[in-house]
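Source file: start00.txt. Holds: compact mmCIF, C-alpha atoms.
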```txt
# COMPACT_ATOMS: atom_id res chain seq x y z
CA MET A 1 20.55 24.48 8.31
CA ARG A 2 18.97 25.01 4.89
CA LYS A 3 15.84 22.92 4.30
CA VAL A 4 14.43 22.15 0.85
CA SER A 5 11.51 19.99 -0.28
CA VAL A 6 11.14 18.93 -3.89
CA LEU A 7 8.33 16.92 -5.41
CA LYS A 8 7.81 15.09 -8.67
CA LYS A 9 4.59 13.68 -10.01
CA ILE A 10 5.52 10.54 -11.93
CA LYS A 11 3.72 9.54 -15.10
CA GLY A 12 1.43 6.68 -14.08
CA GLY A 13 0.22 8.36 -10.91
CA LYS A 14 2.82 8.01 -8.15
CA THR A 15 4.50 10.87 -6.34
CA VAL A 16 8.07 11.13 -5.06
CA LYS A 17 9.04 13.79 -2.55
CA VAL A 18 12.54 14.48 -1.30
CA ASP A 19 13.00 16.45 1.93
CA LEU A 20 16.58 17.65 2.35
CA GLU A 21 18.64 19.47 4.95
CA PHE A 22 21.98 20.90 3.86
CA ASP A 23 24.83 21.78 6.21
CA GLU A 24 26.91 24.96 5.95
CA GLY A 25 29.39 23.26 3.64
CA GLY A 26 26.63 22.42 1.14
CA ARG A 27 26.58 18.72 2.01
CA ILE A 28 23.44 16.68 2.59
CA HIS A 29 22.84 16.56 6.34
CA ASN A 30 19.52 14.72 6.25
CA ILE A 31 17.35 13.27 3.50
CA ILE A 32 13.97 11.54 3.35
CA ILE A 33 12.69 10.08 0.10
CA SER A 34 8.94 9.56 0.51
CA GLY A 35 5.82 8.77 -1.48
CA ASP A 36 3.28 6.18 -2.54
CA PHE A 37 5.76 4.02 -4.47
CA PHE A 38 7.27 0.56 -3.89
CA VAL A 39 10.86 -0.51 -3.25
CA TYR A 40 12.13 -4.11 -2.97
CA PRO A 41 13.83 -4.95 -0.69
CA GLN A 42 12.20 -2.16 1.31
CA GLU A 43 15.09 -1.55 3.72
CA MET A 44 17.35 -0.53 0.80
CA LEU A 45 15.75 2.91 0.55
CA GLU A 46 16.83 3.76 4.09
CA ALA A 47 20.29 2.41 3.35
CA LEU A 48 20.46 4.69 0.32
CA GLU A 49 19.30 7.70 2.36
CA ASN A 50 22.00 7.00 4.94
CA GLU A 51 24.67 6.76 2.26
CA LEU A 52 23.58 10.07 0.75
CA LYS A 53 24.16 11.87 4.04
CA GLY A 54 27.41 13.79 3.79
CA CYS A 55 27.34 13.91 -0.02
CA LYS A 56 27.95 16.95 -2.16
CA VAL A 57 25.97 17.51 -5.35
CA ASN A 58 28.62 15.95 -7.59
CA GLU A 59 28.69 12.76 -5.49
CA VAL A 60 24.95 12.06 -5.57
CA ARG A 61 24.73 10.32 -8.94
CA GLU A 62 27.48 7.82 -8.21
CA VAL A 63 25.95 6.81 -4.86
CA ILE A 64 22.46 6.40 -6.29
CA GLU A 65 23.57 4.50 -9.37
CA LYS A 66 25.31 1.99 -7.11
CA TYR A 67 21.85 1.08 -5.79
CA SER A 68 20.34 0.39 -9.20
CA THR A 69 21.42 -3.25 -8.95
CA LYS A 70 20.64 -3.55 -5.24
CA MET A 71 16.95 -2.72 -5.39
CA THR A 72 13.89 -2.78 -7.60
CA VAL A 73 11.82 0.39 -7.59
CA LEU A 74 8.24 0.56 -8.88
CA GLY A 75 6.35 3.76 -9.58
CA PHE A 76 9.44 5.92 -10.07
CA THR A 77 13.05 5.61 -11.20
CA LEU A 78 16.34 6.34 -9.49
CA GLU A 79 16.91 8.91 -12.24
CA ASP A 80 13.85 10.78 -10.83
CA VAL A 81 15.54 10.88 -7.42
CA ILE A 82 18.83 12.14 -8.89
CA GLU A 83 16.92 14.85 -10.77
CA LEU A 84 15.06 15.92 -7.61
CA ILE A 85 18.18 16.08 -5.44
CA GLU A 86 20.14 18.02 -8.07
CA LYS A 87 17.21 20.42 -8.32
CA ALA A 88 17.16 20.82 -4.52
CA PHE A 89 20.85 21.76 -4.48
CA LYS A 90 20.07 24.62 -6.88
CA VAL A 91 17.13 26.00 -4.83
CA MET B 1 -6.25 -27.91 -7.49
CA ALA B 2 -4.40 -26.75 -4.37
CA THR B 3 -6.35 -25.81 -1.26
CA TRP B 4 -5.59 -22.60 0.60
CA ARG B 5 -6.71 -21.52 4.03
CA LEU B 6 -9.47 -18.89 4.17
CA ILE B 7 -9.92 -16.59 7.14
CA ILE B 8 -12.77 -14.14 7.49
CA SER B 9 -12.43 -11.64 10.30
CA GLU B 10 -12.87 -8.15 11.63
CA GLY B 11 -10.73 -5.99 13.90
CA ASN B 12 -9.26 -2.57 14.54
CA VAL B 13 -6.54 -1.11 12.31
CA PHE B 14 -3.65 -1.99 14.64
CA TRP B 15 -4.77 -5.60 15.03
CA ASN B 16 -5.36 -6.03 11.30
CA MET B 17 -1.90 -4.75 10.41
CA ALA B 18 -0.33 -6.91 13.14
CA VAL B 19 -2.11 -10.04 11.88
CA ASP B 20 -0.99 -9.40 8.29
CA GLU B 21 2.63 -9.00 9.38
CA ALA B 22 2.45 -12.06 11.67
CA MET B 23 1.10 -14.12 8.77
CA LEU B 24 3.89 -12.92 6.46
CA LEU B 25 6.62 -13.75 8.98
CA LEU B 26 5.19 -17.18 9.76
CA ARG B 27 4.56 -18.03 6.10
CA ASP B 28 8.20 -17.14 5.41
CA GLU B 29 9.19 -19.75 8.03
CA ASP B 30 6.77 -22.27 6.51
CA LYS B 31 4.76 -22.41 9.72
CA ILE B 32 1.41 -21.60 8.11
CA PRO B 33 -0.16 -22.49 4.75
CA ASN B 34 -0.91 -20.15 1.85
CA THR B 35 -3.82 -18.03 3.07
CA LEU B 36 -6.49 -15.64 1.88
CA ARG B 37 -7.79 -13.44 4.68
CA LEU B 38 -10.81 -11.22 4.10
CA TYR B 39 -11.45 -8.61 6.74
CA VAL B 40 -13.09 -5.38 7.72
CA PHE B 41 -11.65 -2.50 9.72
CA ASN B 42 -13.85 -1.86 12.74
CA PRO B 43 -13.92 1.00 13.50
CA SER B 44 -13.27 2.68 10.13
CA ALA B 45 -9.59 3.61 9.84
CA VAL B 46 -6.82 4.92 7.61
CA THR B 47 -3.55 3.22 6.68
CA ILE B 48 -0.59 4.92 5.03
CA GLY B 49 2.11 3.39 2.86
CA TYR B 50 5.47 2.40 4.35
CA PHE B 51 7.35 5.15 2.48
CA GLN B 52 4.85 7.96 3.02
CA ARG B 53 5.12 10.88 5.41
CA VAL B 54 2.06 11.24 7.64
CA ASN B 55 1.44 14.90 6.89
CA ASP B 56 1.67 14.39 3.13
CA ALA B 57 -0.69 11.41 3.16
CA VAL B 58 -3.53 12.17 5.58
CA ASN B 59 -5.48 15.06 7.06
CA THR B 60 -4.58 14.43 10.70
CA SER B 61 -6.87 17.19 12.01
CA PHE B 62 -9.88 15.66 10.26
CA LEU B 63 -9.01 12.17 11.53
CA GLU B 64 -8.68 13.47 15.09
CA LYS B 65 -11.97 15.33 14.88
CA ARG B 66 -13.76 12.23 13.64
CA ASN B 67 -11.88 9.79 15.90
CA ILE B 68 -10.58 7.82 12.92
CA PRO B 69 -7.49 5.84 13.97
CA PHE B 70 -4.57 5.43 11.56
CA THR B 71 -1.27 3.63 11.30
CA ARG B 72 1.57 2.93 8.89
CA ARG B 73 1.56 -0.29 6.89
CA ILE B 74 4.61 -2.49 6.27
CA THR B 75 3.69 -2.32 2.58
CA GLY B 76 4.44 0.55 0.21
CA GLY B 77 1.85 2.44 -1.82
CA GLY B 78 -0.53 5.21 -0.84
CA SER B 79 -2.94 6.13 1.93
CA VAL B 80 -6.25 4.26 2.20
CA TYR B 81 -9.54 4.94 3.95
CA HIS B 82 -11.07 1.69 5.21
CA ASP B 83 -14.82 2.19 5.72
CA VAL B 84 -16.35 -0.31 8.17
CA ASN B 85 -19.58 -0.19 6.19
CA GLY B 86 -18.15 0.07 2.71
CA GLU B 87 -14.90 -1.75 2.12
CA VAL B 88 -13.53 -5.29 2.40
CA THR B 89 -9.77 -5.79 2.58
CA TYR B 90 -8.06 -8.94 1.39
CA SER B 91 -4.65 -10.15 2.37
CA ILE B 92 -2.88 -12.94 0.60
CA VAL B 93 0.09 -14.56 2.22
CA ALA B 94 1.81 -17.12 0.04
CA SER B 95 5.09 -18.60 -0.97
CA ILE B 96 6.62 -16.37 -3.69
CA ARG B 97 7.21 -19.38 -5.91
CA ASP B 98 3.48 -20.22 -5.80
CA ILE B 99 2.64 -16.79 -7.29
CA ALA B 100 5.51 -15.29 -9.31
CA THR B 101 9.10 -14.25 -8.69
CA ASP B 102 8.63 -11.11 -10.77
CA VAL B 103 7.03 -8.44 -8.57
CA LEU B 104 4.96 -6.76 -11.31
CA LYS B 105 3.68 -10.13 -12.51
CA SER B 106 2.66 -11.13 -8.98
CA TYR B 107 0.68 -7.89 -8.57
CA GLU B 108 -1.17 -8.70 -11.76
CA ILE B 109 -1.92 -12.32 -10.83
CA ILE B 110 -3.36 -11.34 -7.44
CA CYS B 111 -5.20 -8.22 -8.65
CA LYS B 112 -6.94 -10.40 -11.24
CA GLY B 113 -8.82 -11.89 -8.27
CA ILE B 114 -10.35 -8.47 -7.67
CA VAL B 115 -11.12 -8.02 -11.37
CA TYR B 116 -12.95 -11.37 -11.41
CA ALA B 117 -14.78 -10.51 -8.17
CA ILE B 118 -16.07 -7.29 -9.78
CA ASN B 119 -17.06 -9.23 -12.91
CA LYS B 120 -19.39 -11.32 -10.68
CA PHE B 121 -21.50 -8.17 -10.32
CA GLY B 122 -21.78 -7.82 -14.09
CA LEU B 123 -19.28 -4.96 -14.22
CA ASP B 124 -16.20 -4.63 -16.41
CA ALA B 125 -12.98 -3.98 -14.54
CA GLN B 126 -9.38 -3.48 -15.56
CA PHE B 127 -6.11 -4.06 -13.77
CA VAL B 128 -3.93 -0.96 -14.16
CA PRO B 129 -0.28 -1.60 -13.28
CA ILE B 130 1.24 -1.33 -10.79
CA ASN B 131 -1.46 -1.90 -8.20
CA ASP B 132 -4.87 -0.49 -9.15
CA VAL B 133 -8.15 -1.93 -10.39
CA ILE B 134 -10.53 0.47 -12.11
CA VAL B 135 -14.17 0.41 -13.19
CA GLY B 136 -15.27 2.93 -15.81
CA GLY B 137 -11.98 4.77 -15.45
CA LYS B 138 -12.35 5.17 -11.68
CA LYS B 139 -10.34 3.43 -8.99
CA ILE B 140 -12.29 0.85 -6.97
CA SER B 141 -9.39 -1.15 -5.53
CA GLY B 142 -5.76 -0.61 -4.57
CA SER B 143 -3.18 -3.16 -3.45
CA ALA B 144 0.27 -3.24 -1.91
CA GLN B 145 2.83 -5.98 -1.54
CA SER B 146 5.70 -6.69 0.80
CA ARG B 147 8.18 -9.54 0.49
CA LYS B 148 10.42 -11.60 2.71
CA LYS B 149 12.91 -14.13 1.39
CA ARG B 150 10.39 -16.83 0.52
CA ALA B 151 6.96 -15.38 1.22
CA LEU B 152 4.92 -12.41 0.09
CA LEU B 153 2.08 -10.47 1.63
CA GLN B 154 -0.25 -8.60 -0.67
CA HIS B 155 -3.17 -6.76 0.82
CA GLY B 156 -5.69 -4.54 -0.90
CA THR B 157 -9.16 -3.11 -0.90
CA LEU B 158 -12.46 -3.53 -2.65
CA MET B 159 -14.87 -0.65 -2.07
CA TYR B 160 -18.51 -1.72 -2.19
CA ASN B 161 -20.13 1.24 -0.46
CA THR B 162 -17.40 3.50 0.98
CA ASP B 163 -18.46 6.98 2.08
CA LEU B 164 -16.45 8.85 -0.54
CA MET B 165 -16.90 12.22 1.17
CA THR B 166 -15.18 10.89 4.30
CA LEU B 167 -12.52 9.26 2.11
CA ALA B 168 -11.87 12.56 0.34
CA SER B 169 -11.62 14.44 3.64
CA SER B 170 -9.36 11.84 5.27
CA LEU B 171 -6.71 11.50 2.59
CA LYS B 172 -4.38 14.05 1.11
CA ALA B 173 -3.44 13.82 -2.51
CA PRO B 174 -0.93 16.26 -3.97
CA LYS B 175 -2.38 18.54 -6.63
CA GLU B 176 0.08 17.12 -9.12
CA LYS B 177 -1.30 13.66 -8.54
CA LEU B 178 -4.87 14.68 -9.25
CA LEU B 179 -3.87 16.46 -12.42
CA SER B 180 -2.05 13.42 -13.73
CA HIS B 181 -5.16 11.34 -13.18
CA GLY B 182 -7.12 13.82 -15.26
CA ALA B 183 -9.56 14.56 -12.45
CA ARG B 184 -10.07 17.48 -10.13
CA SER B 185 -10.87 15.67 -6.91
CA ILE B 186 -10.69 12.28 -5.22
CA LEU B 187 -14.46 11.99 -5.70
CA GLU B 188 -14.04 12.04 -9.44
CA ARG B 189 -11.43 9.34 -9.58
CA VAL B 190 -12.73 6.72 -7.15
CA THR B 191 -15.91 4.69 -7.11
CA THR B 192 -17.68 1.82 -5.33
CA LEU B 193 -19.67 -1.22 -6.43
CA SER B 194 -22.87 0.35 -5.08
CA ARG B 195 -22.27 3.56 -7.00
CA GLU B 196 -21.60 1.73 -10.25
CA LEU B 197 -24.59 -0.58 -9.87
CA GLY B 198 -27.07 2.00 -8.55
CA ARG B 199 -28.06 -0.26 -5.67
CA ARG B 200 -26.78 -1.01 -2.20
CA VAL B 201 -24.25 -3.83 -2.40
CA THR B 202 -23.68 -5.70 0.87
CA LYS B 203 -20.52 -6.83 2.61
CA ASP B 204 -21.56 -10.49 2.37
CA GLU B 205 -22.10 -10.28 -1.40
CA THR B 206 -18.69 -8.64 -1.73
CA ILE B 207 -16.94 -11.29 0.36
CA LYS B 208 -18.58 -14.10 -1.63
CA ALA B 209 -17.50 -12.51 -4.94
CA MET B 210 -13.93 -12.04 -3.66
CA ILE B 211 -13.65 -15.69 -2.62
CA GLU B 212 -14.83 -16.78 -6.07
CA GLY B 213 -12.63 -14.22 -7.83
CA PHE B 214 -9.45 -15.26 -6.03
CA SER B 215 -10.30 -18.92 -6.53
CA GLU B 216 -10.36 -18.33 -10.30
CA ALA B 217 -7.34 -16.03 -10.41
CA LEU B 218 -5.13 -18.31 -8.31
CA ASN B 219 -6.67 -21.60 -9.44
CA VAL B 220 -7.13 -22.75 -5.86
CA ASP B 221 -9.92 -23.91 -3.54
CA PHE B 222 -10.44 -22.34 -0.15
CA GLU B 223 -11.18 -24.00 3.17
CA GLU B 224 -12.33 -21.69 5.93
CA SER B 225 -10.28 -21.89 9.11
CA LYS B 226 -8.91 -19.84 11.98
CA LEU B 227 -5.63 -18.16 12.88
CA THR B 228 -3.23 -20.44 14.75
CA ASP B 229 -2.20 -19.81 18.37
CA GLU B 230 1.25 -18.86 17.07
CA GLU B 231 -0.22 -16.25 14.70
CA LEU B 232 -2.37 -14.82 17.49
CA ALA B 233 0.58 -14.66 19.88
CA LEU B 234 2.86 -12.98 17.33
CA ALA B 235 0.15 -10.51 16.30
CA SER B 236 -0.38 -9.63 19.98
CA LYS B 237 3.30 -8.66 20.17
CA LEU B 238 3.36 -6.78 16.85
CA ILE B 239 0.25 -4.73 17.64
CA GLU B 240 2.28 -2.53 20.02
CA LYS B 241 4.44 -1.38 17.10
CA TYR B 242 1.42 -0.35 15.04
CA LYS B 243 0.05 1.70 17.97
CA SER B 244 3.37 3.48 18.62
CA MET B 245 4.10 7.05 17.55
CA LYS B 246 7.63 5.92 16.71
CA TRP B 247 6.31 3.63 13.97
CA ILE B 248 3.46 5.84 12.79
CA TYR B 249 5.74 8.88 12.43
CA LYS B 250 8.73 6.82 11.23
CA ARG B 251 9.00 9.01 8.13
```

Mind converting the file's structure to structure tokens?
Amino acid sequence: MRKVSVLKKIKGGKTVKVDLEFDEGGRIHNIIISGDFFVYPQEMLEALENELKGCKVNEVREVIEKYSTKMTVLGFTLEDVIELIEKAFKV
Amino acid sequence: MATWRLIISEGNVFWNMAVDEAMLLLRDEDKIPNTLRLYVFNPSAVTIGYFQRVNDAVNTSFLEKRNIPFTRRITGGGSVYHDVNGEVTYSIVASIRDIATDVLKSYEIICKGIVYAINKFGLDAQFVPINDVIVGGKKISGSAQSRKKRALLQHGTLMYNTDLMTLASSLKAPKEKLLSHGARSILERVTTLSRELGRRVTKDETIKAMIEGFSEALNVDFEESKLTDEELALASKLIEKYKSMKWIYKR
């Protein structure tokens, strides 16, 4: 299992870190999006993580964008998360 | 002017987090009134934000060595060192419609209470969105909010005499974070009322200023009271979660 951690310092002071595990087929096996940010409703972040499991790089954006109307994020943007995951696939 | 309940208390980190959650759940069911609770962590402790990973947020080896307990909050945001002799925490539990539906706006309304409390000491303070209050460019207070359907919980700190060396050793901040704040270390970006005033500010002075500050910011009066039996019973159940490794290492 390939493990990758990527981090982004967001303008304004918050940090977002994405810890990823990829399976042999290059799909996301496990993902944790962590940091000192805020998400409302809070349980939506875990729902998003669960939905990203099994995704390939080209499926990530569509899944994440679906959540843009389901939750409010403060301290980072969903675009930051997309950027981090896409970067992790390339590592 | 509306009257809110005021509770002043002290307890360990697990109890304090359990009481805050119990209050949020019961406020959401309309079983308790809007409340300001002011409290101290005894013994000194660390809390981490709901979305943080333990090893990114705190120096666990230092905390173990110094017997400083820590747990995860139900609120987002960053890690906090709560000094028994240097910091007062507030928690506000209220109906969302009594504060503001917009999350950013509600942070500002409540954080203004801290700004006004600091003003009582003759110091200028600014609210910096999302959740910080600064004095002279340095952070003196941080807050975090969690919401249910109808109620919100916002808790936060006001440092009056925190041991900043212990704070710096307890918390981990990524290098990137420090750079973005334009400072090299935690010590250079946080401060306390005592440090700013050049005298030893007391807990009682701080509590008095916070009560007055929140009264102005929220336009309410406070009447001191106690937790209800239902709050105590629910907190006694919730405390087990805050002590559990499963919760603390959830992420």

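Only residues having an atom at most 10 Å from (0.5, -21.4, -0.6) are included; using only C-alpha atoms, these are Ala2, Thr3, Trp4, Arg5, Arg27, Asp30, Ile32, Pro33, Asn34, Thr35, Leu36, Ile92, Val93, Ala94, Ser95, Ile96, Arg97, Asp98, Ile99, Ala151 and Val220 of chain B.
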
Convert the current residue selection to file output with C-alpha atoms, as a PDB file, in the coordinates of the input.
```pdb
ATOM      1  CA  ALA B   2      -4.400 -26.750  -4.370  1.00  0.00           C
ATOM      2  CA  THR B   3      -6.350 -25.810  -1.260  1.00  0.00           C
ATOM      3  CA  TRP B   4      -5.590 -22.600   0.600  1.00  0.00           C
ATOM      4  CA  ARG B   5      -6.710 -21.520   4.030  1.00  0.00           C
ATOM      5  CA  ARG B  27       4.560 -18.030   6.100  1.00  0.00           C
ATOM      6  CA  ASP B  30       6.770 -22.270   6.510  1.00  0.00           C
ATOM      7  CA  ILE B  32       1.410 -21.600   8.110  1.00  0.00           C
ATOM      8  CA  PRO B  33      -0.160 -22.490   4.750  1.00  0.00           C
ATOM      9  CA  ASN B  34      -0.910 -20.150   1.850  1.00  0.00           C
ATOM     10  CA  THR B  35      -3.820 -18.030   3.070  1.00  0.00           C
ATOM     11  CA  LEU B  36      -6.490 -15.640   1.880  1.00  0.00           C
ATOM     12  CA  ILE B  92      -2.880 -12.940   0.600  1.00  0.00           C
ATOM     13  CA  VAL B  93       0.090 -14.560   2.220  1.00  0.00           C
ATOM     14  CA  ALA B  94       1.810 -17.120   0.040  1.00  0.00           C
ATOM     15  CA  SER B  95       5.090 -18.600  -0.970  1.00  0.00           C
ATOM     16  CA  ILE B  96       6.620 -16.370  -3.690  1.00  0.00           C
ATOM     17  CA  ARG B  97       7.210 -19.380  -5.910  1.00  0.00           C
ATOM     18  CA  ASP B  98       3.480 -20.220  -5.800  1.00  0.00           C
ATOM     19  CA  ILE B  99       2.640 -16.790  -7.290  1.00  0.00           C
ATOM     20  CA  ALA B 151       6.960 -15.380   1.220  1.00  0.00           C
ATOM     21  CA  VAL B 220      -7.130 -22.750  -5.860  1.00  0.00           C
TER      22      VAL B 220
END
```

Proximal residues of chain A relative to chain B (only C-alpha atoms; 9 Å) as a JSON list (two decimals) with C-alpha atoms, in the coordinates of the input:
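And here is the file that came out, out02.json:
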```
[["chain", "number", "residue", "atom", "x", "y", "z"],
["A", 8, "LYS", "CA", 7.81, 15.09, -8.67],
["A", 9, "LYS", "CA", 4.59, 13.68, -10.01],
["A", 10, "ILE", "CA", 5.52, 10.54, -11.93],
["A", 11, "LYS", "CA", 3.72, 9.54, -15.10],
["A", 12, "GLY", "CA", 1.43, 6.68, -14.08],
["A", 13, "GLY", "CA", 0.22, 8.36, -10.91],
["A", 14, "LYS", "CA", 2.82, 8.01, -8.15],
["A", 15, "THR", "CA", 4.50, 10.87, -6.34],
["A", 32, "ILE", "CA", 13.97, 11.54, 3.35],
["A", 33, "ILE", "CA", 12.69, 10.08, 0.10],
["A", 34, "SER", "CA", 8.94, 9.56, 0.51],
["A", 35, "GLY", "CA", 5.82, 8.77, -1.48],
["A", 36, "ASP", "CA", 3.28, 6.18, -2.54],
["A", 37, "PHE", "CA", 5.76, 4.02, -4.47],
["A", 38, "PHE", "CA", 7.27, 0.56, -3.89],
["A", 39, "VAL", "CA", 10.86, -0.51, -3.25],
["A", 40, "TYR", "CA", 12.13, -4.11, -2.97],
["A", 41, "PRO", "CA", 13.83, -4.95, -0.69],
["A", 42, "GLN", "CA", 12.20, -2.16, 1.31],
["A", 45, "LEU", "CA", 15.75, 2.91, 0.55],
["A", 72, "THR", "CA", 13.89, -2.78, -7.60],
["A", 74, "LEU", "CA", 8.24, 0.56, -8.88],
["A", 75, "GLY", "CA", 6.35, 3.76, -9.58]]
```

**Asked** Which residues come within 9 Å of Cys55 (chain A), counting all atoms listed in the file, excluding same-chain residues fewer than 4 positions away, as a PyMOL selection string?
**Response** chain A and resi 26-29+51+59-60+63

**Using all atoms listed in the file: which of B:Asn16, B:Ser170, B:Asn67, B:Ser141 has the shortest distance to Asn55 (chain B)** = B:Ser170

Completion of region 52-68 of chain B up to N, CA and C atoms, as a PDB file, keeping the file's coordinate frame:
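Dumped to result.pdb:
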```
ATOM      1  N   GLN B  52       5.499   6.649   2.997  1.00  0.00           N
ATOM      2  CA  GLN B  52       4.850   7.960   3.020  1.00  0.00           C
ATOM      3  C   GLN B  52       5.155   8.726   4.305  1.00  0.00           C
ATOM      4  N   ARG B  53       5.049  10.046   4.218  1.00  0.00           N
ATOM      5  CA  ARG B  53       5.120  10.880   5.410  1.00  0.00           C
ATOM      6  C   ARG B  53       3.681  11.185   5.818  1.00  0.00           C
ATOM      7  N   VAL B  54       3.423  11.090   7.128  1.00  0.00           N
ATOM      8  CA  VAL B  54       2.060  11.240   7.640  1.00  0.00           C
ATOM      9  C   VAL B  54       1.389  12.503   7.113  1.00  0.00           C
ATOM     10  N   ASN B  55       2.104  13.629   7.233  1.00  0.00           N
ATOM     11  CA  ASN B  55       1.440  14.900   6.890  1.00  0.00           C
ATOM     12  C   ASN B  55       1.244  15.116   5.395  1.00  0.00           C
ATOM     13  N   ASP B  56       1.916  14.322   4.582  1.00  0.00           N
ATOM     14  CA  ASP B  56       1.670  14.390   3.130  1.00  0.00           C
ATOM     15  C   ASP B  56       0.533  13.465   2.723  1.00  0.00           C
ATOM     16  N   ALA B  57       0.224  12.479   3.563  1.00  0.00           N
ATOM     17  CA  ALA B  57      -0.690  11.410   3.160  1.00  0.00           C
ATOM     18  C   ALA B  57      -2.095  11.524   3.735  1.00  0.00           C
ATOM     19  N   VAL B  58      -2.209  12.099   4.934  1.00  0.00           N
ATOM     20  CA  VAL B  58      -3.530  12.170   5.580  1.00  0.00           C
ATOM     21  C   VAL B  58      -3.787  13.535   6.208  1.00  0.00           C
ATOM     22  N   ASN B  59      -5.072  13.845   6.350  1.00  0.00           N
ATOM     23  CA  ASN B  59      -5.480  15.060   7.060  1.00  0.00           C
ATOM     24  C   ASN B  59      -5.631  14.710   8.536  1.00  0.00           C
ATOM     25  N   THR B  60      -4.551  14.878   9.297  1.00  0.00           N
ATOM     26  CA  THR B  60      -4.580  14.430  10.700  1.00  0.00           C
ATOM     27  C   THR B  60      -5.644  15.163  11.513  1.00  0.00           C
ATOM     28  N   SER B  61      -5.884  16.445  11.209  1.00  0.00           N
ATOM     29  CA  SER B  61      -6.870  17.190  12.010  1.00  0.00           C
ATOM     30  C   SER B  61      -8.277  16.626  11.787  1.00  0.00           C
ATOM     31  N   PHE B  62      -8.567  16.264  10.545  1.00  0.00           N
ATOM     32  CA  PHE B  62      -9.880  15.660  10.260  1.00  0.00           C
ATOM     33  C   PHE B  62     -10.013  14.304  10.957  1.00  0.00           C
ATOM     34  N   LEU B  63      -8.962  13.504  10.910  1.00  0.00           N
ATOM     35  CA  LEU B  63      -9.010  12.170  11.530  1.00  0.00           C
ATOM     36  C   LEU B  63      -9.207  12.288  13.045  1.00  0.00           C
ATOM     37  N   GLU B  64      -8.513  13.264  13.658  1.00  0.00           N
ATOM     38  CA  GLU B  64      -8.680  13.470  15.090  1.00  0.00           C
ATOM     39  C   GLU B  64     -10.095  13.876  15.428  1.00  0.00           C
ATOM     40  N   LYS B  65     -10.611  14.817  14.643  1.00  0.00           N
ATOM     41  CA  LYS B  65     -11.970  15.330  14.880  1.00  0.00           C
ATOM     42  C   LYS B  65     -13.001  14.207  14.783  1.00  0.00           C
ATOM     43  N   ARG B  66     -12.788  13.312  13.848  1.00  0.00           N
ATOM     44  CA  ARG B  66     -13.760  12.230  13.640  1.00  0.00           C
ATOM     45  C   ARG B  66     -13.388  10.928  14.353  1.00  0.00           C
ATOM     46  N   ASN B  67     -12.335  10.984  15.174  1.00  0.00           N
ATOM     47  CA  ASN B  67     -11.880   9.790  15.900  1.00  0.00           C
ATOM     48  C   ASN B  67     -11.609   8.611  14.972  1.00  0.00           C
ATOM     49  N   ILE B  68     -10.946   8.883  13.858  1.00  0.00           N
ATOM     50  CA  ILE B  68     -10.580   7.820  12.920  1.00  0.00           C
ATOM     51  C   ILE B  68      -9.117   7.447  13.184  1.00  0.00           C
TER      52      ILE B  68
END
```
